[in-house]
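Encoded as structure tokens, the structure appears first; notes follow it.
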Amino acid sequence: MSSLPRPEVVFLDLGDTLIRAHPSWPAVYLSAFPRFGIQASEAELAEAIRRATSDGYWAFEGPFDATEEGSFKRMVDLDRRVLAELGHQDLPDELFRAIEDAFQQRSAWHIFPDVIPALDRLRQEGVRLAVISNWVWGAPELLHDLELAGHFESLIVSARMGYQKPHRAIFDHAIDLMSVAPERAIHVGDSYRADVLGARAAGITPILIDRRLHDPERFASDVPGDDPVTIIGDLGGLLDLMGVAAQAGASRQAS
């Protein structure tokens with residue numbers, strides 16, 4: 001990794017950058033099923049999600065209805081597709097509210113152990129922080145419940161913006177909101193398409209975080225071999241790039 005000029009602003013993705021579903025995304029999803037008589041294994045649900053989104057469901061970048069109800073309707077559309085893959089049709093609205101509630105619980109999310117020490121250290125260094133995330137309407141409330149919101153000046157969430165990464169509009173909005181020149185900002189996220197390509201299009205320096213770097217059996221990276229994007233394994237790697245010493249005792253191992 002080469003050194004990184006000190007940015008004025010660091011933008012950060014949310015899912016698989018700062019937090020991950022606990023104990024897993026399928027497990028949280030499945031927790032809403034029993035009282036509706038739906039049974040499936042984590043493997044079956046994961047395959048249903050893959051099939052339901054194989055036609056590029058996530059590729060639509062906007063514009064879309066940036067309201068709480070619009071956000072819920074988009075997730076219901078996805079959930080219906082997933083449940084149809086499991087053989088379930090004509091399900092009650094209460095099920096979809098239960099799924100939404102399951103993912104809004106603090107207990108459904110794990111904060112990677114390097115996150116808070118790194119955020120604290122960046123703020124001590126005078127670096128301004130903001131979130132840019134493709135997430136549902138309740139992201140700000142969830143971040144408050146997780147006691148992460150206070151680390152950030154702004155929370156830019158696709159459901160409240162009407163565009164999602166990699167669309168340039170969400171990055172341009174973040175730049176304007178933070179009153180920063182794009183060349184004075186970096187963006188850290190785990191998706192090559194959404195975070196790296198999206199940030200670059202807006203003139204922001206991207207850094208790809210791949211927490212699987214800690215896993216000796218990690219999957220092959222999605223990054224083209226000729227792309228020089230910097231890849232880190234946790235936010236401690238960001239501190240290293242910036243030449244900022246981590247606080248003594250701060251955790252560097254993601255889990």
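Chain lettering (A, B, ...) mirrors the order of the structure tokens, residue numbering begins at 1 for each chain separately, and ligand numbering begins at 1 in order of display.
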Please report as CSV every residue of range 193-245 of chain A lying within 12 Å of range 110-127 of chain A, along with the nearest atom pair and their distance in Å (one decimal), using only C-alpha atoms.
```
residue,atom,partner,partner_atom,distance
A:Arg211,CA,A:Phe112,CA,9.6
A:Gly233,CA,A:Asp114,CA,10.3
A:Asp234,CA,A:Asp114,CA,6.8
A:Leu235,CA,A:Ala118,CA,6.1
A:Gly236,CA,A:Ala118,CA,6.3
A:Gly237,CA,A:Ala118,CA,9.5
A:Leu238,CA,A:Ala118,CA,8.4
A:Leu239,CA,A:Ala118,CA,7.2
A:Asp240,CA,A:Ala118,CA,10.5
A:Met242,CA,A:Leu122,CA,9.6
A:Gly243,CA,A:Glu125,CA,10.8
A:Val244,CA,A:Arg121,CA,8.0
A:Ala245,CA,A:Arg121,CA,8.3
```
Next item on the list: Pick out each residue of range 26-253 of chain A that DSSP on the backbone tags as strand (DSSP E or B); I need them as a ChimeraX atom specification.
Entry: /A:109-111,128-133,154-157,185-189,205-209,230-232
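As for CA of Lys165 in chain A and CA of Ile186 in chain A, they are spaced 14.8 Å apart.
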Next item on the list: For CA of His187 in chain A and CA of Ala169 in chain A, quote the distance in Å rounded to one decimal.
Entry: 14.7 Å
Next item on the list: Just the residues within 12 Å of Tyr57 in chain A, please, counting only C-alpha atoms, with nothing from its chain fewer than 3 positions along; format it as a VMD selection string.
Entry: chain A and resid 49 to 54 60 to 61 74 to 75 77 to 79 81 to 82
The selected residues should be written to file as a PDB file, in the first residue's frame (atoms: C-alpha atoms).
```
ATOM      1  CA  ILE A  49     -31.936 -14.271  -2.620  1.00  0.00           C
ATOM      2  CA  ARG A  50     -29.377 -15.072  -5.320  1.00  0.00           C
ATOM      3  CA  ARG A  51     -32.053 -16.222  -7.748  1.00  0.00           C
ATOM      4  CA  ALA A  52     -34.377 -13.318  -6.934  1.00  0.00           C
ATOM      5  CA  THR A  53     -31.657 -10.774  -7.731  1.00  0.00           C
ATOM      6  CA  SER A  54     -29.928 -12.575 -10.610  1.00  0.00           C
ATOM      7  CA  PHE A  60     -31.214   0.293 -10.716  1.00  0.00           C
ATOM      8  CA  GLU A  61     -29.544   3.454  -9.424  1.00  0.00           C
ATOM      9  CA  ARG A  74     -39.009  -1.398  -2.638  1.00  0.00           C
ATOM     10  CA  MET A  75     -37.999  -3.851   0.070  1.00  0.00           C
ATOM     11  CA  ASP A  77     -40.935  -6.052  -3.761  1.00  0.00           C
ATOM     12  CA  LEU A  78     -37.610  -7.759  -3.115  1.00  0.00           C
ATOM     13  CA  ASP A  79     -38.970  -9.833  -0.221  1.00  0.00           C
ATOM     14  CA  ARG A  81     -39.463 -12.185  -5.025  1.00  0.00           C
ATOM     15  CA  VAL A  82     -37.310 -14.008  -2.470  1.00  0.00           C
TER      16      VAL A  82
END
```
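CA of Asp13 in chain A to CA of Val180 in chain A spans 17.7 Å [interatomic distance, one decimal].
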Note to self: Considering only C-alpha atoms, can you say which of A:Ala199, A:Ala40, A:Leu146, A:Leu129 comes closest to Leu177 in chain A?
What the structure shows: A:Leu129
Margin query: Which residues are near Ile175 in chain A? Cut-off 9 Å, only C-alpha atoms, ignore same chain within fewer than 6 positions. Put them as a PyMOL selection string.
Written below: chain A and resi 181-182+185+202
Selected residues written out, C-alpha atoms, as a short mmCIF file (atom, residue, chain, number, x, y, z; two decimals), in the first residue's frame:
```
data_model
loop_
_atom_site.label_atom_id
_atom_site.label_comp_id
_atom_site.auth_asym_id
_atom_site.auth_seq_id
_atom_site.Cartn_x
_atom_site.Cartn_y
_atom_site.Cartn_z
CA ALA A 181 -13.62 19.56 -2.93
CA PRO A 182 -13.75 15.99 -4.30
CA ALA A 185 -12.06 13.48 0.04
CA ALA A 202 -17.37 12.01 -8.77
#
```
Check: Please, which residues of range 164-255 of chain A, numbered as in this document, come out helix (DSSP H, G or I) from DSSP, as a VMD selection string?
Finding: chain A and resid 168 to 178 182 to 184 192 to 201 211 to 214 235 to 242
Selected residues, C-alpha atoms, written as a PDB file, in the first residue's frame, please.
```
ATOM      1  CA  ARG A 168     -22.922  10.104  -9.272  1.00  0.00           C
ATOM      2  CA  ALA A 169     -25.809  12.103  -7.779  1.00  0.00           C
ATOM      3  CA  ILE A 170     -25.426  10.569  -4.318  1.00  0.00           C
ATOM      4  CA  PHE A 171     -21.690  11.321  -4.253  1.00  0.00           C
ATOM      5  CA  ASP A 172     -22.165  14.860  -5.574  1.00  0.00           C
ATOM      6  CA  HIS A 173     -24.801  15.435  -2.888  1.00  0.00           C
ATOM      7  CA  ALA A 174     -22.364  14.236  -0.229  1.00  0.00           C
ATOM      8  CA  ILE A 175     -19.639  16.551  -1.531  1.00  0.00           C
ATOM      9  CA  ASP A 176     -22.011  19.524  -1.487  1.00  0.00           C
ATOM     10  CA  LEU A 177     -23.344  18.630   1.964  1.00  0.00           C
ATOM     11  CA  MET A 178     -19.834  18.450   3.416  1.00  0.00           C
ATOM     12  CA  PRO A 182     -13.750  15.986  -4.302  1.00  0.00           C
ATOM     13  CA  GLU A 183      -9.959  15.795  -4.514  1.00  0.00           C
ATOM     14  CA  ARG A 184      -9.830  16.473  -0.759  1.00  0.00           C
ATOM     15  CA  TYR A 192     -16.031  -2.363  -6.391  1.00  0.00           C
ATOM     16  CA  ARG A 193     -18.948  -1.283  -8.562  1.00  0.00           C
ATOM     17  CA  ALA A 194     -20.845   0.868  -6.068  1.00  0.00           C
ATOM     18  CA  ASP A 195     -18.005   2.350  -4.041  1.00  0.00           C
ATOM     19  CA  VAL A 196     -14.903   2.377  -6.216  1.00  0.00           C
ATOM     20  CA  LEU A 197     -16.428   3.183  -9.601  1.00  0.00           C
ATOM     21  CA  GLY A 198     -19.034   5.490  -8.086  1.00  0.00           C
ATOM     22  CA  ALA A 199     -16.533   7.529  -6.084  1.00  0.00           C
ATOM     23  CA  ARG A 200     -14.148   7.822  -9.020  1.00  0.00           C
ATOM     24  CA  ALA A 201     -16.896   9.168 -11.269  1.00  0.00           C
ATOM     25  CA  ARG A 211     -12.580  -7.780   5.283  1.00  0.00           C
ATOM     26  CA  ARG A 212     -12.081 -11.227   3.782  1.00  0.00           C
ATOM     27  CA  LEU A 213      -8.379 -10.395   3.665  1.00  0.00           C
ATOM     28  CA  HIS A 214      -8.348 -11.806   7.203  1.00  0.00           C
ATOM     29  CA  LEU A 235      -9.957   0.562   8.998  1.00  0.00           C
ATOM     30  CA  GLY A 236      -6.609   0.186  10.710  1.00  0.00           C
ATOM     31  CA  GLY A 237      -5.258  -0.109   7.186  1.00  0.00           C
ATOM     32  CA  LEU A 238      -6.706   3.315   6.431  1.00  0.00           C
ATOM     33  CA  LEU A 239      -4.853   4.777   9.400  1.00  0.00           C
ATOM     34  CA  ASP A 240      -1.659   3.166   8.139  1.00  0.00           C
ATOM     35  CA  LEU A 241      -2.126   4.699   4.698  1.00  0.00           C
ATOM     36  CA  MET A 242      -2.577   8.128   6.253  1.00  0.00           C
TER      37      MET A 242
END
```
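Distances from A:Glu85, A:Phe72, A:Ser107, A:Asp145 to Ser24 in chain A were compared using only C-alpha atoms, and the smallest one belongs to A:Ser107.
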Check: Using only C-alpha atoms, which residues sit within 8 Å of Thr17 in chain A once same-chain residues fewer than 3 positions away are excluded, as a list in words?
Finding: Leu12, Asp13, Leu14, Arg20, Val188, Gly189, Asp190, Ile209 and Arg211 of chain A
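Of the listed residues A:Ala59, A:Gln104, A:Phe36, A:Ser179, the one whose atoms come nearest to Pro92 in chain A is A:Phe36, with distances taken using only C-alpha atoms.
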Item checked: Who sits within 8 Å of Pro23 in chain A, only C-alpha atoms, same chain under 5 positions skipped, as number ranges by chain -> A: 28, 108-110
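Neighbouring residues of Arg80 in chain A at 9 Å or closer, counting only C-alpha atoms and skipping chain neighbours under 5 positions away, are Met75, Glu85, His88, Gln89, Asp90, Leu91 and Phe96 of chain A.
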Please produce a file of the residues just selected, as an mmCIF file, in the first residue's frame, where the atoms kept are C-alpha atoms.
```cif
data_model
loop_
_atom_site.group_PDB
_atom_site.id
_atom_site.type_symbol
_atom_site.label_atom_id
_atom_site.label_comp_id
_atom_site.auth_asym_id
_atom_site.auth_seq_id
_atom_site.Cartn_x
_atom_site.Cartn_y
_atom_site.Cartn_z
ATOM 1 C CA MET A 75 -37.999 -3.851 0.070
ATOM 2 C CA GLU A 85 -38.412 -18.500 -4.840
ATOM 3 C CA HIS A 88 -44.594 -18.800 -0.823
ATOM 4 C CA GLN A 89 -47.146 -16.462 -2.399
ATOM 5 C CA ASP A 90 -49.894 -14.097 -1.206
ATOM 6 C CA LEU A 91 -48.282 -13.337 2.139
ATOM 7 C CA PHE A 96 -42.929 -7.761 5.548
#
```
